[in-house]
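Structure file run-v8.cif with mmCIF, C-alpha atoms:
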```cif
data_target
loop_
_atom_site.label_atom_id
_atom_site.label_comp_id
_atom_site.auth_asym_id
_atom_site.auth_seq_id
_atom_site.Cartn_x
_atom_site.Cartn_y
_atom_site.Cartn_z
CA MET A 1 0.00 0.00 0.00
CA MET A 2 1.13 3.52 -0.77
CA HIS A 3 2.39 5.92 1.89
CA GLN A 4 1.24 3.79 4.84
CA PRO A 5 3.05 4.14 8.16
CA PRO A 6 4.86 0.98 9.30
CA GLU A 7 3.73 -1.03 12.31
CA TRP A 8 6.50 0.30 14.59
CA VAL A 9 5.01 3.80 14.16
CA LEU A 10 1.47 2.69 14.97
CA ASP A 11 2.40 0.38 17.85
CA GLY A 12 0.95 1.93 20.99
CA SER A 13 -0.40 4.93 19.08
CA GLU A 14 -3.91 6.20 19.64
CA ARG A 15 -6.24 5.94 16.64
CA LEU A 16 -8.08 9.23 15.98
CA ASP A 17 -10.95 10.25 13.73
CA LEU A 18 -10.59 13.57 11.90
CA LYS A 19 -12.09 15.57 14.80
CA GLY A 20 -9.73 13.87 17.26
CA PHE A 21 -6.79 14.55 14.94
CA LEU A 22 -7.58 18.27 14.92
CA GLU A 23 -8.00 18.29 18.70
CA GLY A 24 -4.70 16.42 19.09
CA PHE A 25 -3.05 19.01 16.88
CA ALA A 26 -4.37 21.90 18.99
CA GLU A 27 -3.20 20.27 22.23
CA ALA A 28 0.26 19.41 20.87
CA TRP A 29 0.64 22.87 19.32
CA GLU A 30 0.01 24.56 22.68
CA ARG A 31 2.80 22.48 24.25
CA THR A 32 5.30 23.14 21.46
CA MET A 33 8.18 25.31 22.58
CA ARG A 34 10.85 24.93 19.89
CA ARG A 35 10.05 23.04 16.69
CA PHE A 36 7.16 21.95 14.50
CA LEU A 37 8.02 19.73 11.56
CA LYS A 38 5.64 18.51 8.88
CA VAL A 39 6.71 15.74 6.49
CA GLU A 40 4.56 15.50 3.35
CA ALA A 41 4.95 12.47 1.10
CA TRP A 42 1.60 11.91 -0.66
CA GLN A 43 1.81 12.83 -4.34
CA SER A 44 -1.94 12.93 -4.99
CA TYR A 45 -4.43 14.23 -2.48
CA ARG A 46 -8.03 15.35 -2.39
CA GLU A 47 -8.61 18.45 -0.27
CA MET A 48 -11.72 18.64 1.90
CA ASP A 49 -15.00 19.28 0.09
CA GLY A 50 -15.51 22.90 -0.80
CA VAL A 51 -11.85 23.85 -1.27
CA ARG A 52 -12.50 26.13 -4.19
CA SER A 53 -8.84 26.63 -5.15
CA GLN A 54 -8.39 22.94 -5.99
CA GLU A 55 -11.70 22.89 -7.84
CA ALA A 56 -10.62 25.94 -9.90
CA PHE A 57 -7.24 24.39 -10.70
CA GLU A 58 -8.84 21.12 -11.78
CA ALA A 59 -11.24 23.11 -14.01
CA GLY A 60 -8.21 24.69 -15.71
CA ASP A 61 -8.48 28.16 -14.15
CA THR A 62 -4.98 28.56 -12.71
CA ALA A 63 -5.37 32.34 -12.22
CA LEU A 64 -8.48 31.86 -10.07
CA ALA A 65 -6.80 29.00 -8.19
CA ARG A 66 -3.85 31.31 -7.37
CA ARG A 67 -6.15 34.11 -6.13
CA LEU A 68 -8.08 31.65 -3.97
CA LEU A 69 -4.86 30.12 -2.60
CA GLU A 70 -3.63 33.61 -1.70
CA LYS A 71 -6.88 34.26 0.17
CA GLU A 72 -6.68 30.86 1.93
CA ALA A 73 -3.05 31.53 2.90
CA MET A 74 -3.97 34.89 4.42
CA GLY A 75 -6.37 33.01 6.69
CA ASP A 76 -3.28 31.38 8.23
CA GLN A 77 -1.57 34.70 8.96
CA PRO A 78 -2.38 34.48 12.70
CA LEU A 79 -0.50 31.15 12.77
CA ARG A 80 2.54 32.66 11.03
CA ASN A 81 2.44 35.57 13.48
CA GLU A 82 2.31 33.15 16.42
CA VAL A 83 5.27 31.18 15.03
CA ARG A 84 7.28 34.41 14.81
CA VAL A 85 6.27 35.70 18.28
CA ARG A 86 6.98 32.33 19.93
CA GLY A 87 10.28 31.92 18.04
CA LEU A 88 9.35 28.48 16.72
CA GLU A 89 11.10 26.59 13.97
CA PHE A 90 8.24 25.76 11.57
CA THR A 91 9.33 23.63 8.64
CA ARG A 92 7.50 21.71 5.96
CA VAL A 93 9.52 18.91 4.34
CA ARG A 94 7.90 18.08 0.99
CA LEU A 95 8.95 14.97 -0.92
CA LEU A 96 8.68 15.13 -4.69
CA SER A 97 8.69 12.54 -7.41
CA TYR A 98 8.80 13.55 -11.07
CA PRO A 99 6.82 13.99 -13.19
CA LEU A 100 4.67 15.96 -10.78
CA THR A 101 1.07 14.83 -10.37
CA GLY A 102 -1.76 17.24 -11.10
CA TYR A 103 -2.23 17.69 -7.38
CA LEU A 104 1.41 18.68 -6.88
CA ARG A 105 1.27 21.14 -9.77
CA TYR A 106 -1.64 22.76 -7.89
CA GLU A 107 0.20 22.51 -4.57
CA MET A 108 3.30 24.18 -6.05
CA ILE A 109 1.23 27.34 -6.50
CA ASN A 110 0.23 27.06 -2.84
CA TYR A 111 3.85 26.54 -1.76
CA GLU A 112 4.97 29.54 -3.81
CA VAL A 113 2.28 31.74 -2.21
CA ARG A 114 3.04 30.53 1.31
CA SER A 115 6.79 30.78 0.80
CA ARG A 116 6.37 34.44 -0.18
CA LEU A 117 4.45 34.95 3.09
CA GLY A 118 7.37 33.57 5.09
CA GLU A 119 6.65 29.86 5.47
CA HIS A 120 9.75 27.65 5.37
CA ILE A 121 9.29 24.79 2.89
CA GLU A 122 12.06 22.39 1.89
CA PHE A 123 11.76 20.08 -1.13
CA PHE A 124 13.54 16.76 -1.51
CA ALA A 125 13.72 13.90 -4.00
CA PRO A 126 14.43 10.91 -1.76
CA SER A 127 16.67 8.06 -2.85
CA SER A 128 13.98 5.49 -1.91
CA PRO A 129 10.64 5.46 -3.72
CA VAL A 130 8.52 8.30 -2.38
CA GLU A 131 5.64 5.84 -1.83
CA SER A 132 7.63 4.24 1.00
CA TYR A 133 7.24 7.43 3.06
CA PHE A 134 4.19 8.74 4.90
CA ASP A 135 2.91 12.07 6.22
CA PHE A 136 3.45 13.06 9.82
CA LEU A 137 3.71 16.04 12.16
CA LEU A 138 6.36 16.26 14.87
CA PHE A 139 5.93 18.65 17.80
CA ASP A 140 9.28 19.14 19.58
CA SER A 141 10.03 15.68 20.94
CA HIS A 142 6.78 15.24 22.88
CA THR A 143 4.08 14.38 20.32
CA ALA A 144 3.63 13.15 16.77
CA LEU A 145 0.52 12.95 14.64
CA ILE A 146 0.56 10.50 11.74
CA HIS A 147 -1.94 11.09 8.95
CA ASP A 148 -4.32 8.45 7.65
CA TYR A 149 -5.16 9.24 4.04
CA GLY A 150 -6.60 5.83 3.24
CA SER A 151 -5.08 3.15 1.04
CA GLY A 152 -5.96 4.40 -2.43
CA PRO A 153 -3.76 6.24 -4.90
CA VAL A 154 -5.37 9.59 -4.01
CA GLY A 155 -5.21 10.55 -0.35
CA HIS A 156 -8.20 11.92 1.55
CA GLN A 157 -7.67 12.37 5.27
CA THR A 158 -9.89 10.25 7.47
CA GLY A 159 -8.02 10.84 10.73
CA GLY A 160 -4.74 9.41 11.92
CA TRP A 161 -2.76 8.36 14.97
CA LEU A 162 -1.26 10.20 17.92
CA THR A 163 1.84 8.98 19.70
CA ARG A 164 3.96 10.17 22.57
CA HIS A 165 6.22 7.10 22.76
CA PRO A 166 9.86 8.27 22.92
CA ARG A 167 11.17 5.47 20.66
CA THR A 168 8.60 6.29 17.98
CA LEU A 169 9.24 10.03 18.28
CA HIS A 170 12.99 9.48 17.91
CA GLY A 171 12.37 7.21 14.91
CA LEU A 172 10.22 9.85 13.21
CA ALA A 173 12.81 12.54 13.95
CA ASP A 174 15.44 10.25 12.38
CA ILE A 175 13.31 9.83 9.25
CA ALA A 176 13.01 13.60 8.90
CA ALA A 177 16.74 14.11 9.52
CA ASP A 178 17.67 11.37 7.03
CA LEU A 179 15.39 12.93 4.40
CA ARG A 180 16.91 16.35 4.96
CA THR A 181 20.53 15.14 4.85
CA GLY A 182 20.39 12.05 2.62
CA SER A 183 18.02 13.14 -0.15
CA ARG A 184 18.66 15.40 -3.08
CA GLN A 185 17.35 18.85 -2.20
CA ILE A 186 15.56 20.57 -5.04
CA TRP A 187 14.21 24.08 -5.54
CA PRO A 188 11.11 23.79 -7.74
CA LEU A 189 9.81 27.24 -6.77
CA ARG A 190 12.73 28.89 -8.54
CA THR A 191 11.47 27.55 -11.86
CA LEU A 192 7.93 28.78 -11.10
CA SER A 193 9.07 32.33 -10.45
CA SER A 194 11.44 32.55 -13.44
#
```

Write out the structure in this file as structure tokens.
Amino acid sequence: MMHQPPEWVLDGSERLDLKGFLEGFAEAWERTMRRFLKVEAWQSYREMDGVRSQEAFEAGDTALARRLLEKEAMGDQPLRNEVRVRGLEFTRVRLLSYPLTGYLRYEMINYEVRSRLGEHIEFFAPSSPVESYFDFLLFDSHTALIHDYGSGPVGHQTGGWLTRHPRTLHGLADIAADLRTGSRQIWPLRTLSS
């Protein structure tokens, strides 16, 4: 199965529905003092119903999709302000596999918009197949949330898992560190802006 977390990650983790995932995020975020890290591996993903920017992009209206993404990104400005005030390291680690899927072509517009607003996004082409990785959030070294996007080729979040087990947290931190040091870093946003 694509992008599924291995058993050692799920062992002892708490299964959460989507509401529980969001509540777990809020609780972990409040406790975060130093670093928030988001690893994104899925290459195709379906946003929640009603995300007009993805609908516009899929209908071929890239200009409208960009305007809507800019508006959506401005809705996250309080989060960016909080990151700055609290002095947090906030990093998104995005894995890419070429050729880019339609979803990632859409998401590149989003990354470009958010990067301009100050979000730190790193892009990597891992040496292992990208499908062997999975999406997760790491809050300092106290909590991780692992996404459940289902087992199909197009992810749609149904919830996930929460863990506070030190061995699992260290293992996830090692995955992120290995990706950041052992993968080929790429800069796809440079080609979008040129």

* To do: Identify the residues within 9 Å of coordinate (5.1, 12.9, 23.5) (same frame as the file), considering all atoms listed in the file, and give the answer as JSON, numbers by chain.
  => {"A": [28, 139, 140, 141, 142, 143, 144, 162, 163, 164, 165, 166, 169]}

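Considering the residues A:Trp8, A:Phe136, A:Trp161, A:Phe123 and counting all atoms listed in the file, A:Lys38 has its shortest atom-to-atom contact with A:Phe136.
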
Target residues per the PyMOL selection byres ((chain A and resi 12-20) around 6), formatted as an mmCIF file with C-alpha atoms, in the coordinates of the input:
```cif
data_model
loop_
_atom_site.group_PDB
_atom_site.id
_atom_site.type_symbol
_atom_site.label_atom_id
_atom_site.label_comp_id
_atom_site.auth_asym_id
_atom_site.auth_seq_id
_atom_site.Cartn_x
_atom_site.Cartn_y
_atom_site.Cartn_z
ATOM 1 C CA LEU A 10 1.470 2.690 14.970
ATOM 2 C CA ASP A 11 2.400 0.380 17.850
ATOM 3 C CA PHE A 21 -6.790 14.550 14.940
ATOM 4 C CA LEU A 22 -7.580 18.270 14.920
ATOM 5 C CA GLU A 23 -8.000 18.290 18.700
ATOM 6 C CA GLY A 24 -4.700 16.420 19.090
ATOM 7 C CA THR A 158 -9.890 10.250 7.470
ATOM 8 C CA GLY A 159 -8.020 10.840 10.730
ATOM 9 C CA GLY A 160 -4.740 9.410 11.920
ATOM 10 C CA TRP A 161 -2.760 8.360 14.970
ATOM 11 C CA LEU A 162 -1.260 10.200 17.920
ATOM 12 C CA THR A 163 1.840 8.980 19.700
#
```

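Among the candidate residues A:Asp76, A:Glu122, A:Asp135, A:Glu82, the one lying nearest to A:His3 is A:Asp135, with distances computed using all atoms listed in the file.
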
* Taking all atoms listed in the file into account, which of A:Thr101, A:Asn110, A:Ser151, A:Thr91 comes nearest A:Leu68? ->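 Looking at the shortest contact to A:Leu68, the residue is A:Asn110.
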
* **Matched chain/residue IDs from the PyMOL selection byres ((chain A and resi 33) around 9), as a ChimeraX atom specification** => /A:29-32,34-36,86-88,139-140

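Across A:Thr168, A:Ser115, A:Ser53, A:Ser132, the tightest approach to A:Leu189 is made by A:Ser115 when counting only C-alpha atoms.
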
The PyMOL selection byres ((chain A and resi 116) around 12) applied to the shown file, residues as a PDB file with C-alpha atoms, in the frame of the given file:
```
ATOM      1  CA  GLU A  70      -3.630  33.610  -1.700  1.00  0.00           C
ATOM      2  CA  ALA A  73      -3.050  31.530   2.900  1.00  0.00           C
ATOM      3  CA  MET A  74      -3.970  34.890   4.420  1.00  0.00           C
ATOM      4  CA  ARG A  80       2.540  32.660  11.030  1.00  0.00           C
ATOM      5  CA  ILE A 109       1.230  27.340  -6.500  1.00  0.00           C
ATOM      6  CA  ASN A 110       0.230  27.060  -2.840  1.00  0.00           C
ATOM      7  CA  TYR A 111       3.850  26.540  -1.760  1.00  0.00           C
ATOM      8  CA  GLU A 112       4.970  29.540  -3.810  1.00  0.00           C
ATOM      9  CA  VAL A 113       2.280  31.740  -2.210  1.00  0.00           C
ATOM     10  CA  ARG A 114       3.040  30.530   1.310  1.00  0.00           C
ATOM     11  CA  SER A 115       6.790  30.780   0.800  1.00  0.00           C
ATOM     12  CA  LEU A 117       4.450  34.950   3.090  1.00  0.00           C
ATOM     13  CA  GLY A 118       7.370  33.570   5.090  1.00  0.00           C
ATOM     14  CA  GLU A 119       6.650  29.860   5.470  1.00  0.00           C
ATOM     15  CA  HIS A 120       9.750  27.650   5.370  1.00  0.00           C
ATOM     16  CA  ILE A 121       9.290  24.790   2.890  1.00  0.00           C
ATOM     17  CA  LEU A 189       9.810  27.240  -6.770  1.00  0.00           C
ATOM     18  CA  ARG A 190      12.730  28.890  -8.540  1.00  0.00           C
ATOM     19  CA  SER A 193       9.070  32.330 -10.450  1.00  0.00           C
TER      20      SER A 193
END
```

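Using only C-alpha atoms, the shortest contact distance between A:Glu55 and any of A:Glu131, A:Ala125, A:Tyr106, A:Leu95 is found at A:Tyr106.
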
* Asked: What gap, in Å, lies between atom CA of A:Tyr133 and atom CA of A:Gln185?
  ->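 Separating atom CA of A:Tyr133 from atom CA of A:Gln185 is a distance of 16.1 Å.
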
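Take atom CA of A:Leu137 and atom CA of A:Val83: the distance between them is 15.5 Å.
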
Hey, could you pull the box centre and edge lengths for stretch 131-139 of chain A, axis-aligned, 4 Å padding per side, all listed atoms, to one decimal in Å, as lines of an AutoDock Vina configuration file?
```
center_x = 5.3
center_y = 11.4
center_z = 8.0
size_x = 12.7
size_y = 22.4
size_z = 27.6
```

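The interatomic distance for the pair atom CA of A:Arg167 and atom CA of A:Ile146 works out to 14.7 Å.
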
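Of the listed residues (A:Tyr149, A:Phe25, A:Tyr98, A:Tyr45), A:Tyr98 comes nearest to A:Pro126; the distances count only C-alpha atoms.
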
* Hey, can you pull every residue with an atom no more than 10 Å from (10.6, 6.0, 5.4), using all atoms listed in the file, and send it as a PyMOL selection string? -> chain A and resi 3-6+41+126+128-135+171-172+174-176+178-179
